[in-house]
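A.B. asks: See entry23.txt below, with compact mmCIF, N, CA and C atoms.
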# COMPACT_ATOMS: atom_id res chain seq x y z
N MET A 269 -69.94 102.59 17.10
CA MET A 269 -69.14 102.59 15.90
C MET A 269 -68.48 101.23 15.76
N SER A 270 -68.58 100.63 14.58
CA SER A 270 -68.01 99.30 14.36
C SER A 270 -66.48 99.39 14.28
N SER A 271 -65.84 98.23 14.39
CA SER A 271 -64.38 98.22 14.34
C SER A 271 -63.87 98.68 12.97
N SER A 272 -64.59 98.36 11.89
CA SER A 272 -64.15 98.82 10.56
C SER A 272 -64.31 100.33 10.43
N GLU A 273 -65.37 100.89 11.05
CA GLU A 273 -65.53 102.34 11.04
C GLU A 273 -64.43 103.01 11.85
N LEU A 274 -64.03 102.40 12.96
CA LEU A 274 -62.93 102.94 13.75
C LEU A 274 -61.64 102.94 12.96
N VAL A 275 -61.37 101.87 12.24
CA VAL A 275 -60.15 101.79 11.42
C VAL A 275 -60.19 102.86 10.35
N ASP A 276 -61.33 102.97 9.66
CA ASP A 276 -61.46 104.00 8.63
C ASP A 276 -61.27 105.40 9.22
N THR A 277 -61.86 105.64 10.38
CA THR A 277 -61.73 106.93 11.04
C THR A 277 -60.28 107.18 11.43
N ASP A 278 -59.64 106.19 12.03
CA ASP A 278 -58.24 106.34 12.43
C ASP A 278 -57.35 106.63 11.22
N GLU A 279 -57.59 105.92 10.12
CA GLU A 279 -56.79 106.14 8.91
C GLU A 279 -57.01 107.54 8.37
N TRP A 280 -58.27 108.01 8.39
CA TRP A 280 -58.54 109.36 7.92
C TRP A 280 -57.86 110.40 8.80
N VAL A 281 -57.92 110.22 10.12
CA VAL A 281 -57.29 111.17 11.04
C VAL A 281 -55.78 111.23 10.77
N VAL A 282 -55.16 110.07 10.59
CA VAL A 282 -53.72 110.03 10.31
C VAL A 282 -53.43 110.78 9.00
N THR A 283 -54.23 110.52 7.97
CA THR A 283 -54.04 111.19 6.69
C THR A 283 -54.22 112.70 6.83
N ALA A 284 -55.24 113.12 7.56
CA ALA A 284 -55.50 114.55 7.76
C ALA A 284 -54.38 115.22 8.53
N LEU A 285 -53.91 114.57 9.59
CA LEU A 285 -52.84 115.16 10.39
C LEU A 285 -51.54 115.24 9.60
N LYS A 286 -51.25 114.22 8.80
CA LYS A 286 -50.06 114.27 7.95
C LYS A 286 -50.19 115.41 6.94
N ALA A 287 -51.39 115.61 6.43
CA ALA A 287 -51.59 116.66 5.43
C ALA A 287 -51.31 118.05 6.00
N ILE A 288 -51.72 118.29 7.22
CA ILE A 288 -51.51 119.63 7.79
C ILE A 288 -50.20 119.75 8.55
N ALA A 289 -49.46 118.65 8.65
CA ALA A 289 -48.19 118.66 9.39
C ALA A 289 -47.04 119.11 8.50
N HIS A 290 -47.26 120.17 7.76
CA HIS A 290 -46.24 120.74 6.88
C HIS A 290 -46.46 122.26 6.93
N PRO A 291 -45.42 123.04 7.14
CA PRO A 291 -45.61 124.48 7.32
C PRO A 291 -46.37 125.17 6.18
N GLN A 292 -46.07 124.82 4.93
CA GLN A 292 -46.74 125.49 3.82
C GLN A 292 -48.21 125.05 3.70
N ARG A 293 -48.48 123.78 3.92
CA ARG A 293 -49.88 123.33 3.87
C ARG A 293 -50.67 123.90 5.03
N MET A 294 -50.04 124.02 6.19
CA MET A 294 -50.70 124.63 7.33
C MET A 294 -51.00 126.10 7.03
N ALA A 295 -50.07 126.78 6.36
CA ALA A 295 -50.30 128.18 5.98
C ALA A 295 -51.48 128.29 5.01
N ILE A 296 -51.55 127.40 4.04
CA ILE A 296 -52.66 127.41 3.09
C ILE A 296 -53.99 127.26 3.82
N MET A 297 -54.06 126.33 4.75
CA MET A 297 -55.29 126.14 5.52
C MET A 297 -55.64 127.40 6.31
N ARG A 298 -54.65 128.04 6.87
CA ARG A 298 -54.88 129.26 7.64
C ARG A 298 -55.37 130.38 6.70
N TRP A 299 -54.72 130.53 5.54
CA TRP A 299 -55.12 131.56 4.58
C TRP A 299 -56.53 131.35 4.07
N LEU A 300 -56.89 130.09 3.81
CA LEU A 300 -58.22 129.80 3.26
C LEU A 300 -59.32 130.06 4.28
N ARG A 301 -58.97 130.23 5.54
CA ARG A 301 -59.96 130.57 6.55
C ARG A 301 -60.59 131.93 6.23
N ASP A 302 -59.82 132.80 5.55
CA ASP A 302 -60.31 134.13 5.19
C ASP A 302 -60.14 134.34 3.69
N PRO A 303 -61.02 133.74 2.88
CA PRO A 303 -60.86 133.81 1.43
C PRO A 303 -60.93 135.23 0.88
N GLU A 304 -61.59 136.13 1.59
CA GLU A 304 -61.72 137.51 1.11
C GLU A 304 -60.42 138.29 1.27
N SER A 305 -59.41 137.71 1.93
CA SER A 305 -58.12 138.38 2.08
C SER A 305 -57.28 138.27 0.80
N PHE A 306 -57.75 137.47 -0.15
CA PHE A 306 -57.06 137.32 -1.43
C PHE A 306 -57.59 138.36 -2.41
N PRO A 307 -56.85 138.60 -3.50
CA PRO A 307 -57.33 139.56 -4.52
C PRO A 307 -58.70 139.15 -5.07
N PRO A 308 -59.45 140.12 -5.57
CA PRO A 308 -60.77 139.82 -6.14
C PRO A 308 -60.68 138.84 -7.32
N GLN A 309 -61.74 138.07 -7.49
CA GLN A 309 -61.84 137.10 -8.58
C GLN A 309 -63.17 137.33 -9.27
N LEU A 310 -63.35 136.69 -10.44
CA LEU A 310 -64.63 136.81 -11.15
C LEU A 310 -65.76 136.24 -10.31
N GLU A 311 -65.53 135.06 -9.73
CA GLU A 311 -66.51 134.43 -8.84
C GLU A 311 -66.06 134.67 -7.40
N PRO A 312 -66.98 134.96 -6.48
CA PRO A 312 -66.59 135.24 -5.09
C PRO A 312 -65.84 134.06 -4.45
N ALA A 313 -64.70 134.37 -3.86
CA ALA A 313 -63.88 133.33 -3.22
C ALA A 313 -64.63 132.64 -2.09
N SER A 314 -65.52 133.36 -1.43
CA SER A 314 -66.28 132.75 -0.33
C SER A 314 -67.24 131.67 -0.83
N GLU A 315 -67.57 131.72 -2.13
CA GLU A 315 -68.49 130.73 -2.70
C GLU A 315 -67.77 129.60 -3.42
N VAL A 316 -66.78 129.93 -4.25
CA VAL A 316 -66.12 128.92 -5.09
C VAL A 316 -64.74 128.54 -4.59
N GLY A 317 -64.19 129.31 -3.68
CA GLY A 317 -62.84 129.07 -3.21
C GLY A 317 -61.86 130.06 -3.82
N VAL A 318 -60.63 129.94 -3.39
CA VAL A 318 -59.57 130.85 -3.83
C VAL A 318 -58.84 130.21 -5.01
N CYS A 319 -58.64 131.00 -6.05
CA CYS A 319 -57.94 130.51 -7.23
C CYS A 319 -56.51 130.11 -6.86
N LEU A 320 -56.07 129.00 -7.42
CA LEU A 320 -54.72 128.51 -7.15
C LEU A 320 -53.66 129.57 -7.41
N LYS A 321 -53.87 130.39 -8.44
CA LYS A 321 -52.85 131.42 -8.78
C LYS A 321 -52.69 132.42 -7.64
N HIS A 322 -53.76 132.69 -6.88
CA HIS A 322 -53.66 133.61 -5.75
C HIS A 322 -52.92 132.97 -4.57
N ILE A 323 -53.17 131.69 -4.36
CA ILE A 323 -52.45 130.96 -3.31
C ILE A 323 -50.97 130.92 -3.67
N GLN A 324 -50.70 130.63 -4.94
CA GLN A 324 -49.33 130.57 -5.43
C GLN A 324 -48.62 131.91 -5.23
N ALA A 325 -49.29 133.00 -5.58
CA ALA A 325 -48.69 134.33 -5.44
C ALA A 325 -48.37 134.64 -3.98
N ARG A 326 -49.30 134.31 -3.09
CA ARG A 326 -49.07 134.58 -1.67
C ARG A 326 -47.91 133.75 -1.13
N MET A 327 -47.84 132.50 -1.58
CA MET A 327 -46.79 131.61 -1.10
C MET A 327 -45.43 131.93 -1.73
N GLY A 328 -45.46 132.46 -2.94
CA GLY A 328 -44.21 132.75 -3.63
C GLY A 328 -43.51 131.48 -4.10
N ALA A 329 -44.29 130.49 -4.45
CA ALA A 329 -43.75 129.21 -4.91
C ALA A 329 -44.28 128.93 -6.31
N SER A 330 -43.71 127.93 -6.94
CA SER A 330 -44.13 127.58 -8.30
C SER A 330 -45.54 126.99 -8.28
N GLN A 331 -46.18 127.04 -9.45
CA GLN A 331 -47.52 126.49 -9.59
C GLN A 331 -47.53 125.00 -9.28
N SER A 332 -46.52 124.29 -9.74
CA SER A 332 -46.49 122.84 -9.51
C SER A 332 -46.31 122.51 -8.02
N THR A 333 -45.52 123.29 -7.33
CA THR A 333 -45.32 123.06 -5.89
C THR A 333 -46.62 123.30 -5.13
N VAL A 334 -47.27 124.41 -5.42
CA VAL A 334 -48.52 124.73 -4.72
C VAL A 334 -49.60 123.71 -5.09
N SER A 335 -49.62 123.28 -6.34
CA SER A 335 -50.58 122.24 -6.76
C SER A 335 -50.37 120.96 -5.96
N GLN A 336 -49.12 120.60 -5.72
CA GLN A 336 -48.83 119.41 -4.92
C GLN A 336 -49.32 119.59 -3.49
N TYR A 337 -49.11 120.77 -2.92
CA TYR A 337 -49.57 121.03 -1.55
C TYR A 337 -51.08 120.88 -1.43
N VAL A 338 -51.82 121.52 -2.35
CA VAL A 338 -53.28 121.45 -2.24
C VAL A 338 -53.79 120.07 -2.60
N ALA A 339 -53.07 119.33 -3.44
CA ALA A 339 -53.48 117.96 -3.77
C ALA A 339 -53.44 117.08 -2.51
N VAL A 340 -52.43 117.26 -1.68
CA VAL A 340 -52.33 116.51 -0.43
C VAL A 340 -53.51 116.86 0.47
N LEU A 341 -53.82 118.15 0.57
CA LEU A 341 -54.95 118.58 1.39
C LEU A 341 -56.27 118.05 0.84
N GLN A 342 -56.38 118.00 -0.48
CA GLN A 342 -57.60 117.50 -1.10
C GLN A 342 -57.75 116.00 -0.89
N ARG A 343 -56.66 115.24 -1.01
CA ARG A 343 -56.74 113.79 -0.77
C ARG A 343 -57.15 113.49 0.67
N ALA A 344 -56.79 114.37 1.58
CA ALA A 344 -57.18 114.20 2.99
C ALA A 344 -58.58 114.74 3.24
N ASP A 345 -59.25 115.24 2.20
CA ASP A 345 -60.61 115.78 2.27
C ASP A 345 -60.69 117.03 3.14
N LEU A 346 -59.59 117.77 3.24
CA LEU A 346 -59.57 118.99 4.04
C LEU A 346 -59.92 120.22 3.21
N VAL A 347 -59.82 120.11 1.89
CA VAL A 347 -60.23 121.19 0.99
C VAL A 347 -61.07 120.62 -0.14
N HIS A 348 -61.93 121.47 -0.69
CA HIS A 348 -62.71 121.14 -1.87
C HIS A 348 -62.13 121.92 -3.04
N CYS A 349 -62.21 121.35 -4.21
CA CYS A 349 -61.75 122.02 -5.42
C CYS A 349 -62.94 122.24 -6.35
N THR A 350 -63.03 123.44 -6.88
CA THR A 350 -64.02 123.78 -7.89
C THR A 350 -63.26 124.26 -9.12
N LYS A 351 -63.52 123.63 -10.26
CA LYS A 351 -62.89 124.03 -11.51
C LYS A 351 -63.79 125.04 -12.20
N ILE A 352 -63.21 126.15 -12.59
CA ILE A 352 -63.91 127.16 -13.39
C ILE A 352 -63.01 127.46 -14.57
N GLY A 353 -63.42 126.97 -15.72
CA GLY A 353 -62.57 127.09 -16.90
C GLY A 353 -61.28 126.31 -16.65
N GLN A 354 -60.18 126.98 -16.87
CA GLN A 354 -58.87 126.33 -16.66
C GLN A 354 -58.36 126.49 -15.24
N TRP A 355 -59.09 127.22 -14.40
CA TRP A 355 -58.61 127.53 -13.06
C TRP A 355 -59.22 126.63 -12.00
N SER A 356 -58.41 126.26 -11.03
CA SER A 356 -58.86 125.49 -9.87
C SER A 356 -58.97 126.43 -8.67
N HIS A 357 -60.08 126.33 -7.98
CA HIS A 357 -60.35 127.16 -6.80
C HIS A 357 -60.49 126.24 -5.59
N TYR A 358 -59.89 126.64 -4.49
CA TYR A 358 -59.88 125.79 -3.29
C TYR A 358 -60.52 126.50 -2.12
N ARG A 359 -61.31 125.72 -1.37
CA ARG A 359 -61.90 126.21 -0.13
C ARG A 359 -61.83 125.11 0.92
N ARG A 360 -61.82 125.52 2.15
CA ARG A 360 -61.74 124.58 3.26
C ARG A 360 -62.99 123.72 3.33
N ASN A 361 -62.83 122.47 3.72
CA ASN A 361 -63.95 121.58 3.98
C ASN A 361 -64.23 121.70 5.48
N GLU A 362 -65.10 122.62 5.81
CA GLU A 362 -65.37 122.91 7.23
C GLU A 362 -65.98 121.72 7.95
N ASP A 363 -66.75 120.89 7.25
CA ASP A 363 -67.33 119.71 7.89
C ASP A 363 -66.23 118.74 8.31
N ALA A 364 -65.26 118.50 7.44
CA ALA A 364 -64.15 117.60 7.77
C ALA A 364 -63.30 118.18 8.89
N LEU A 365 -63.08 119.49 8.86
CA LEU A 365 -62.28 120.12 9.91
C LEU A 365 -62.99 120.05 11.26
N ALA A 366 -64.30 120.21 11.26
CA ALA A 366 -65.07 120.09 12.50
C ALA A 366 -64.99 118.65 13.03
N ARG A 367 -65.07 117.69 12.11
CA ARG A 367 -64.97 116.28 12.50
C ARG A 367 -63.59 115.99 13.12
N LEU A 368 -62.55 116.50 12.49
CA LEU A 368 -61.20 116.31 13.02
C LEU A 368 -61.07 116.95 14.40
N ASN A 369 -61.61 118.14 14.54
CA ASN A 369 -61.57 118.84 15.82
C ASN A 369 -62.32 118.07 16.90
N GLN A 370 -63.40 117.41 16.51
CA GLN A 370 -64.19 116.63 17.45
C GLN A 370 -63.45 115.33 17.84
N LEU A 371 -62.77 114.71 16.88
CA LEU A 371 -62.13 113.42 17.13
C LEU A 371 -60.82 113.53 17.92
N LEU A 372 -60.10 114.60 17.75
CA LEU A 372 -58.78 114.70 18.39
C LEU A 372 -58.81 114.51 19.90
N PRO A 373 -59.71 115.15 20.64
CA PRO A 373 -59.72 114.92 22.09
C PRO A 373 -59.97 113.46 22.46
N GLU A 374 -60.69 112.74 21.62
CA GLU A 374 -60.97 111.34 21.90
C GLU A 374 -59.76 110.45 21.63
N ILE A 375 -58.86 110.93 20.79
CA ILE A 375 -57.70 110.14 20.37
C ILE A 375 -56.49 110.41 21.27
N ILE A 376 -56.31 111.66 21.61
CA ILE A 376 -55.09 112.03 22.35
C ILE A 376 -55.31 111.88 23.84
Please, can you express the file's structure as structure tokens?
C.D. replies:
Amino acid sequence: MSSSELVDTDEWVVTALKAIAHPQRMAIMRWLRDPESFPPQLEPASEVGVCLKHIQARMGASQSTVSQYVAVLQRADLVHCTKIGQWSHYRRNEDALARLNQLLPEII
């Protein structure tokens, strides 16, 4: 791995760890592990992700607050967003999470 790739990787790891280093964002990541635990949707949550309104309802926070939480997770590439009509659906980026899980032992 080149030095620029190491820097990019280190920056991504820092961004990812900062993203999940918040109790509510950590809860969202934990909840998204089981998308079928949310209420039914028109499109299966396991395929398109969980609608933001369901995450909001579970968290008991405002739409704007929850949107900010998932935006941080999305910028860190830890979740994917799928837009269906006016609704945003979120699912975990399992590839990025596996990469983070693989890199942590090498860093710490």
A.B. asks: Using all atoms listed in the file, which of the listed residues (A:Leu300, A:Ala313, A:Leu341, A:Leu371) sits closest to Ile288 in chain A?
C.D. replies: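 Comparing A:Leu300, A:Ala313, A:Leu341, A:Leu371 against Ile288 in chain A, the winner is A:Leu341.
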A.B. asks: Please list as a PyMOL selection string every residue within 8 Å of range 305-310 of chain A, counting all atoms listed in the file and excluding residues in the same chain fewer than 6 positions away.
C.D. replies: chain A and resi 299+318-319+322-323
A.B. asks: Generate the output file for the selected residues, N, CA and C atoms, as a PDB file, in the frame of the given file.
C.D. replies:
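Contents of the output file out.pdb:
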ATOM      1  N   TRP A 299     -54.720 130.530   5.540  1.00  0.00           N
ATOM      2  CA  TRP A 299     -55.120 131.560   4.580  1.00  0.00           C
ATOM      3  C   TRP A 299     -56.530 131.350   4.070  1.00  0.00           C
ATOM      4  N   VAL A 318     -60.630 129.940  -3.390  1.00  0.00           N
ATOM      5  CA  VAL A 318     -59.570 130.850  -3.830  1.00  0.00           C
ATOM      6  C   VAL A 318     -58.840 130.210  -5.010  1.00  0.00           C
ATOM      7  N   CYS A 319     -58.640 131.000  -6.050  1.00  0.00           N
ATOM      8  CA  CYS A 319     -57.940 130.510  -7.230  1.00  0.00           C
ATOM      9  C   CYS A 319     -56.510 130.110  -6.860  1.00  0.00           C
ATOM     10  N   HIS A 322     -53.760 132.690  -6.880  1.00  0.00           N
ATOM     11  CA  HIS A 322     -53.660 133.610  -5.750  1.00  0.00           C
ATOM     12  C   HIS A 322     -52.920 132.970  -4.570  1.00  0.00           C
ATOM     13  N   ILE A 323     -53.170 131.690  -4.360  1.00  0.00           N
ATOM     14  CA  ILE A 323     -52.450 130.960  -3.310  1.00  0.00           C
ATOM     15  C   ILE A 323     -50.970 130.920  -3.670  1.00  0.00           C
TER      16      ILE A 323
END
A.B. asks: Leaving out Ser356 in chain A and any residue of its chain fewer than 3 positions from it, which residues lie within 6.5 Å of it when counting only N, CA and C atoms, given as a PDB file with N, CA and C atoms, in the coordinates of the input?
C.D. replies:
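Final output, out_30.pdb:
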ATOM      1  N   VAL A 318     -60.630 129.940  -3.390  1.00  0.00           N
ATOM      2  CA  VAL A 318     -59.570 130.850  -3.830  1.00  0.00           C
ATOM      3  C   VAL A 318     -58.840 130.210  -5.010  1.00  0.00           C
ATOM      4  N   CYS A 319     -58.640 131.000  -6.050  1.00  0.00           N
ATOM      5  CA  CYS A 319     -57.940 130.510  -7.230  1.00  0.00           C
ATOM      6  C   CYS A 319     -56.510 130.110  -6.860  1.00  0.00           C
ATOM      7  N   LEU A 320     -56.070 129.000  -7.420  1.00  0.00           N
ATOM      8  CA  LEU A 320     -54.720 128.510  -7.150  1.00  0.00           C
ATOM      9  C   LEU A 320     -53.660 129.570  -7.410  1.00  0.00           C
ATOM     10  N   LYS A 321     -53.870 130.390  -8.440  1.00  0.00           N
ATOM     11  CA  LYS A 321     -52.850 131.420  -8.780  1.00  0.00           C
ATOM     12  C   LYS A 321     -52.690 132.420  -7.640  1.00  0.00           C
ATOM     13  N   CYS A 349     -62.210 121.350  -4.210  1.00  0.00           N
ATOM     14  CA  CYS A 349     -61.750 122.020  -5.420  1.00  0.00           C
ATOM     15  C   CYS A 349     -62.940 122.240  -6.350  1.00  0.00           C
ATOM     16  N   THR A 350     -63.030 123.440  -6.880  1.00  0.00           N
ATOM     17  CA  THR A 350     -64.020 123.780  -7.890  1.00  0.00           C
ATOM     18  C   THR A 350     -63.260 124.260  -9.120  1.00  0.00           C
ATOM     19  N   LYS A 351     -63.520 123.630 -10.260  1.00  0.00           N
ATOM     20  CA  LYS A 351     -62.890 124.030 -11.510  1.00  0.00           C
ATOM     21  C   LYS A 351     -63.790 125.040 -12.200  1.00  0.00           C
ATOM     22  N   ILE A 352     -63.210 126.150 -12.590  1.00  0.00           N
ATOM     23  CA  ILE A 352     -63.910 127.160 -13.390  1.00  0.00           C
ATOM     24  C   ILE A 352     -63.010 127.460 -14.570  1.00  0.00           C
ATOM     25  N   GLY A 353     -63.420 126.970 -15.720  1.00  0.00           N
ATOM     26  CA  GLY A 353     -62.570 127.090 -16.900  1.00  0.00           C
ATOM     27  C   GLY A 353     -61.280 126.310 -16.650  1.00  0.00           C
TER      28      GLY A 353
END
A.B. asks: To one decimal place, how far is CA of Asp345 in chain A from CA of Ile375 in chain A in Å?
C.D. replies: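 One can read the CA of Asp345 in chain A to CA of Ile375 in chain A distance as 19.2 Å.
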A.B. asks: Show me, as an NGL selection string, the residues that have an atom within 8 Å of Ala287 in chain A when counting only N, CA and C atoms, minus same-chain residues fewer than 6 positions from it.
C.D. replies: :A and (281 or 293-294 or 337 or 340-344)
A.B. asks: So what do you get for atom C of Glu315 in chain A versus CA of Arg359 in chain A, distance-wise?
C.D. replies: 7.5 Å
A.B. asks: Could you tell me, as a PyMOL selection string, which residues of chain A DSSP assigns to alpha helix (DSSP H) when given the backbone?
C.D. replies: chain A and resi 271-288+291-300+313-316+320-327+331-343+362-375
A.B. asks: If I take atom C of Arg301 in chain A and atom N of Val347 in chain A, how far is one from the other in Å, to one decimal?
C.D. replies: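 Computing it gives 12.6 Å between the two atoms.
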A.B. asks: Please report, as a PyMOL selection string, each residue of range 279-357 of chain A to which DSSP assigns strand (DSSP E or B) when run on this structure's backbone.
C.D. replies: chain A and resi 318-319+347-352+355-357
A.B. asks: Which residue out of A:Asn369, A:Met327, A:Leu346, A:Pro312 has the minimum interatomic distance to Lys286 in chain A when only C-alpha atoms are used?
C.D. replies: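 Of A:Asn369, A:Met327, A:Leu346, A:Pro312, the one nearest Lys286 in chain A, counting only C-alpha atoms, is A:Leu346.
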